[in-house]
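The next block holds one structure in the form of structure tokens; read it before the comments.
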Amino acid sequence: MSTGLDYGIETVDYATGAAPVHQVRDVVFVQEQQVPRELERDALDPLSHHVLARDAAGTPIGTARLTPEHRIGRMAVLSAWRGRGVGDALLVALLDEARRRQWPDVSLHAQVTAETFYARHGFVPEGERFVEAGIEHQGMRRHLAGPASIVHRAEAVAIATAVVTQARRALVIYSRALDPGLWDAPAVVEALRRFATRQRGAQVSVLLHDAGTPQRALAPLIGLGQRLPSVFAFREVQDPVDLAYTAAFVANDDHGYYHRPLGHRFDGEAGLAHAGRARQLRDEFMQMWERSRPVTEYRALGL
């Protein structure tokens, strides 16, 4: 698979092409992270689907694998290439392979420092953190078929981050009062900042039940909207029918959404490949948006 950038992604036949895979993994895991080589290599390697990133000169720069246990692992990118989308391309290639195999979901053990990276791709945390090869990890899972059930705050933050990241140009957020614990979570705020500053013509529409509470709490999303007024628009519902609406949601203009039947709770359902449901929520949002009032007081708020 070609990325069209200064590197490309390819599938590796492990039986004949394992050398460049281990070349990258030895540098990242054995040399940098001091993982014993006997732990870094295992019996799953010959059974797994491997992908490899090479630069324009053909030099291996990154690798990852998909095991028969439906688990993504051994994600490694050379330090000089980090932050340039190589890890994203490797992960997308493995997710595409999992879909081709019609797997319902995939899991992984994320190093805690990489948890936000995986959250941007729709992986949500599950279980407690644990230590593996001397490094703290978090189990995570990405649903590929059907919506995912969201229960806890950590899951809510992860999936909201993914929905924001997936957006192309438009994002709608329906919230009671900017949900403390969700829309003020650093990972979510950073995802919104990245979307607003990197996507040309980006638009974030935020519809609230109660505009006063987040204003008094100095919610960070209001401050972000002040700095980027051409991107963020805030309104407050007024119609009695809308005031009786109990749900909350976020939906993008691609295929992603996260819906909570009770807006004051985190539990709900979410999906990143459900264009119909995302469109339905956006249409519902726009009907309420037209009946709402602009929150002009946010423009003058000094944060």
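A note on labels: chains of the structure tokens are A, B, ... as shown, every chain counts residues from 1, and ligands are counted from 1 in their shown order.
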
Can you check which residues of region 197-265 of chain A DSSP gives as helix (DSSP H, G or I) on the backbone and send them as a ChimeraX atom specification? /A:197-198,212-216,220-227,240-243

List the neighbours of Val164 (chain A) out to 10 Å using only C-alpha atoms; skip same-chain residues closer than 6 positions along the sequence, and give me the result as a VMD selection string. chain A and resid 120 170 to 173 188 to 196 204 250 to 253 256 to 257

What's around region 48-55 of chain A at 7 Å? Count only C-alpha atoms, leave out sequence neighbours fewer than 4 positions away in its own chain, and write the answer as a VMD selection string. chain A and resid 6 to 12 21 44 59 to 68 90

Would you mind exporting the chosen residues as a CSV table (one decimal), in the first residue's frame, restricted to all heavy atoms?
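Result file selection.csv:
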chain,number,residue,atom,x,y,z
A,6,ASP,N,6.4,10.5,1.6
A,6,ASP,CA,7.8,10.1,1.4
A,6,ASP,C,8.1,8.8,2.1
A,6,ASP,O,9.3,8.5,2.4
A,6,ASP,CB,8.8,11.2,2.0
A,6,ASP,CG,8.5,11.7,3.4
A,6,ASP,OD1,7.4,11.2,3.9
A,6,ASP,OD2,9.2,12.5,3.9
A,7,TYR,N,7.1,8.0,2.3
A,7,TYR,CA,7.3,6.6,2.7
A,7,TYR,C,6.1,5.8,2.2
A,7,TYR,O,5.1,6.4,1.8
A,7,TYR,CB,7.3,6.6,4.3
A,7,TYR,CG,6.1,7.2,5.0
A,7,TYR,CD1,5.0,6.4,5.2
A,7,TYR,CD2,6.1,8.5,5.4
A,7,TYR,CE1,3.9,7.0,5.8
A,7,TYR,CE2,5.0,9.0,6.0
A,7,TYR,CZ,3.9,8.3,6.2
A,7,TYR,OH,2.8,8.8,6.8
A,8,GLY,N,6.2,4.5,2.3
A,8,GLY,CA,5.2,3.6,1.8
A,8,GLY,C,5.0,2.5,2.8
A,8,GLY,O,5.8,2.2,3.6
A,9,ILE,N,3.8,1.9,2.7
A,9,ILE,CA,3.4,0.8,3.6
A,9,ILE,C,3.3,-0.5,2.8
A,9,ILE,O,2.6,-0.4,1.7
A,9,ILE,CB,2.1,1.0,4.4
A,9,ILE,CG1,2.2,2.4,5.1
A,9,ILE,CG2,1.9,-0.1,5.4
A,9,ILE,CD1,3.3,2.5,6.2
A,10,GLU,N,3.8,-1.6,3.2
A,10,GLU,CA,3.7,-2.8,2.5
A,10,GLU,C,3.5,-4.0,3.4
A,10,GLU,O,3.8,-3.9,4.6
A,10,GLU,CB,5.0,-3.1,1.7
A,10,GLU,CG,6.2,-3.3,2.5
A,10,GLU,CD,7.5,-3.4,1.7
A,10,GLU,OE1,7.7,-2.5,0.8
A,10,GLU,OE2,8.3,-4.3,1.9
A,11,THR,N,2.9,-5.0,2.9
A,11,THR,CA,2.7,-6.3,3.7
A,11,THR,C,3.9,-7.1,3.6
A,11,THR,O,4.6,-7.2,2.5
A,11,THR,CB,1.5,-7.1,3.1
A,11,THR,OG1,0.3,-6.3,3.3
A,11,THR,CG2,1.3,-8.4,3.9
A,12,VAL,N,4.3,-7.8,4.6
A,12,VAL,CA,5.5,-8.6,4.7
A,12,VAL,C,5.2,-10.0,4.8
A,12,VAL,O,4.4,-10.4,5.6
A,12,VAL,CB,6.4,-8.1,5.9
A,12,VAL,CG1,7.6,-9.1,6.1
A,12,VAL,CG2,6.9,-6.7,5.7
A,21,VAL,N,11.7,-6.3,9.5
A,21,VAL,CA,10.8,-6.2,10.6
A,21,VAL,C,11.5,-6.1,11.9
A,21,VAL,O,11.4,-5.2,12.8
A,21,VAL,CB,9.7,-7.3,10.6
A,21,VAL,CG1,9.0,-7.3,12.0
A,21,VAL,CG2,8.8,-7.2,9.5
A,44,LEU,N,4.2,-16.0,18.1
A,44,LEU,CA,3.1,-15.4,17.3
A,44,LEU,C,3.6,-14.8,16.0
A,44,LEU,O,2.9,-14.6,15.0
A,44,LEU,CB,2.3,-14.4,18.1
A,44,LEU,CG,1.3,-15.0,19.2
A,44,LEU,CD1,0.7,-13.9,20.0
A,44,LEU,CD2,0.2,-15.8,18.5
A,59,THR,N,14.6,2.1,2.9
A,59,THR,CA,15.0,1.8,4.3
A,59,THR,C,13.8,1.5,5.2
A,59,THR,O,12.9,2.4,5.3
A,59,THR,CB,15.9,2.9,4.8
A,59,THR,OG1,17.0,3.2,3.9
A,59,THR,CG2,16.4,2.5,6.2
A,60,PRO,N,13.8,0.4,6.0
A,60,PRO,CA,12.7,0.2,6.9
A,60,PRO,C,12.7,1.2,8.0
A,60,PRO,O,13.7,1.6,8.6
A,60,PRO,CB,13.1,-1.2,7.5
A,60,PRO,CG,14.0,-1.8,6.5
A,60,PRO,CD,14.8,-0.7,5.9
A,61,ILE,N,11.5,1.8,8.3
A,61,ILE,CA,11.4,2.9,9.3
A,61,ILE,C,10.3,2.6,10.3
A,61,ILE,O,10.2,3.3,11.3
A,61,ILE,CB,11.1,4.2,8.6
A,61,ILE,CG1,9.8,4.2,7.8
A,61,ILE,CG2,12.3,4.6,7.7
A,61,ILE,CD1,9.4,5.5,7.2
A,62,GLY,N,9.4,1.6,10.0
A,62,GLY,CA,8.4,1.3,11.0
A,62,GLY,C,7.7,-0.1,10.7
A,62,GLY,O,7.8,-0.6,9.6
A,63,THR,N,7.1,-0.6,11.7
A,63,THR,CA,6.5,-1.9,11.5
A,63,THR,C,5.4,-2.1,12.6
A,63,THR,O,5.4,-1.5,13.6
A,63,THR,CB,7.5,-3.1,11.6
A,63,THR,OG1,6.9,-4.3,11.2
A,63,THR,CG2,8.1,-3.2,13.0
A,64,ALA,N,4.5,-3.1,12.3
A,64,ALA,CA,3.4,-3.5,13.3
A,64,ALA,C,2.9,-4.8,12.8
A,64,ALA,O,3.1,-5.3,11.7
A,64,ALA,CB,2.3,-2.4,13.3
A,65,ARG,N,2.1,-5.5,13.7
A,65,ARG,CA,1.6,-6.8,13.3
A,65,ARG,C,0.2,-6.9,13.8
A,65,ARG,O,-0.3,-6.3,14.7
A,65,ARG,CB,2.5,-7.9,13.9
A,65,ARG,CG,2.3,-8.1,15.4
A,65,ARG,CD,3.2,-9.3,15.9
A,65,ARG,NE,2.9,-9.6,17.3
A,65,ARG,CZ,3.5,-10.5,18.0
A,65,ARG,NH1,4.6,-11.1,17.5
A,65,ARG,NH2,3.1,-10.7,19.3
A,66,LEU,N,-0.5,-7.9,13.2
A,66,LEU,CA,-1.9,-8.3,13.5
A,66,LEU,C,-1.9,-9.8,13.8
A,66,LEU,O,-1.6,-10.6,12.9
A,66,LEU,CB,-2.9,-8.0,12.4
A,66,LEU,CG,-4.4,-8.2,12.6
A,66,LEU,CD1,-4.9,-7.3,13.7
A,66,LEU,CD2,-5.1,-8.0,11.3
A,67,THR,N,-2.2,-10.2,15.0
A,67,THR,CA,-2.0,-11.6,15.4
A,67,THR,C,-3.3,-12.4,15.2
A,67,THR,O,-4.4,-11.8,15.1
A,67,THR,CB,-1.6,-11.7,16.9
A,67,THR,OG1,-2.8,-11.5,17.7
A,67,THR,CG2,-0.5,-10.8,17.3
A,68,PRO,N,-3.3,-13.7,15.2
A,68,PRO,CA,-4.5,-14.5,15.0
A,68,PRO,C,-5.5,-14.3,16.2
A,68,PRO,O,-6.6,-14.7,16.1
A,68,PRO,CB,-4.0,-15.9,15.0
A,68,PRO,CG,-2.6,-15.8,14.6
A,68,PRO,CD,-2.1,-14.5,15.2
A,90,LEU,N,0.5,2.7,9.5
A,90,LEU,CA,0.6,1.3,9.8
A,90,LEU,C,-0.6,0.8,10.5
A,90,LEU,O,-1.1,-0.3,10.2
A,90,LEU,CB,1.8,1.1,10.8
A,90,LEU,CG,3.2,1.3,10.2
A,90,LEU,CD1,4.2,1.5,11.3
A,90,LEU,CD2,3.6,0.2,9.3

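Closest approach to Leu228 (chain A) among A:Gly17, A:Gly201, A:Gly83, A:Pro214: A:Gly201, based on only C-alpha atoms.
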
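CA of Ile222 (chain A) to CA of Tyr245 (chain A) spans 22.7 Å [interatomic distance, one decimal].
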
Please list as a list in words every residue within 10 Å of Tyr174 (chain A), counting only C-alpha atoms and excluding residues in the same chain fewer than 2 positions away.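 In the requested form, the answer reads Val172, Arg176, Ala177, Leu178, Ser205, Val206, Leu207, Leu208, His209, Arg235, Glu236, Val237, Ala247, Ala248, Phe249, Val250, Ala251, His259, Gly263, Leu281, Arg282, Phe285, Met288 and Trp289 of chain A.
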
Have a look at CA of Trp183 (chain A) and CA of Gly223 (chain A) and let me know their distance in Å, one decimal.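 So the two atoms, CA of Trp183 (chain A) and CA of Gly223 (chain A), lie 12.2 Å apart.
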
Which residue of A:Asp179, A:Asp13, A:Asp88, A:Ile135 approaches Gln34 (chain A) most closely, using only C-alpha atoms: A:Ile135

Give me, as a list in words, all polymer residues having an atom no more than 7 Å from Met140 (chain A), counting only C-alpha atoms and skipping those fewer than 6 positions away in the same chain.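 Residues near the query, excluding close chain neighbours: Ser107, Leu108, His109, Ala110, Phe123, Val124, Pro125 and Glu126 of chain A.
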
Using only C-alpha atoms, can you tell me which of A:Gln215, A:Ser292, A:Gln287, A:Gln33 comes closest to Gln238 (chain A)?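 Residue with the minimum atom-to-atom distance to Gln238 (chain A): A:Ser292.
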
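You can rank A:Arg41, A:Arg277, A:Arg265, A:Arg299 by their closest distance to Ile150 (chain A) using only C-alpha atoms, and at the top of that list sits A:Arg265.
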
Given only C-alpha atoms as the counted atoms, nearest of A:Val30, A:Ala119, A:Ala233, A:Val157 to Arg142 (chain A):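 Of A:Val30, A:Ala119, A:Ala233, A:Val157, the one nearest Arg142 (chain A) is A:Ala119, counting only C-alpha atoms.
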
Just checking: using only C-alpha atoms, which residue out of A:Arg141, A:His22, A:His264, A:Arg293 ends up closest to Ala76 (chain A)?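 Looking at the shortest contact to Ala76 (chain A), the residue is A:His22.
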
In region 56-227 of chain A, what's strand (DSSP E or B) per DSSP? Answer as number ranges by chain? A: 60-66, 71-77, 105-111, 124-125, 130-132, 135-143, 148-150, 170-175, 203-208
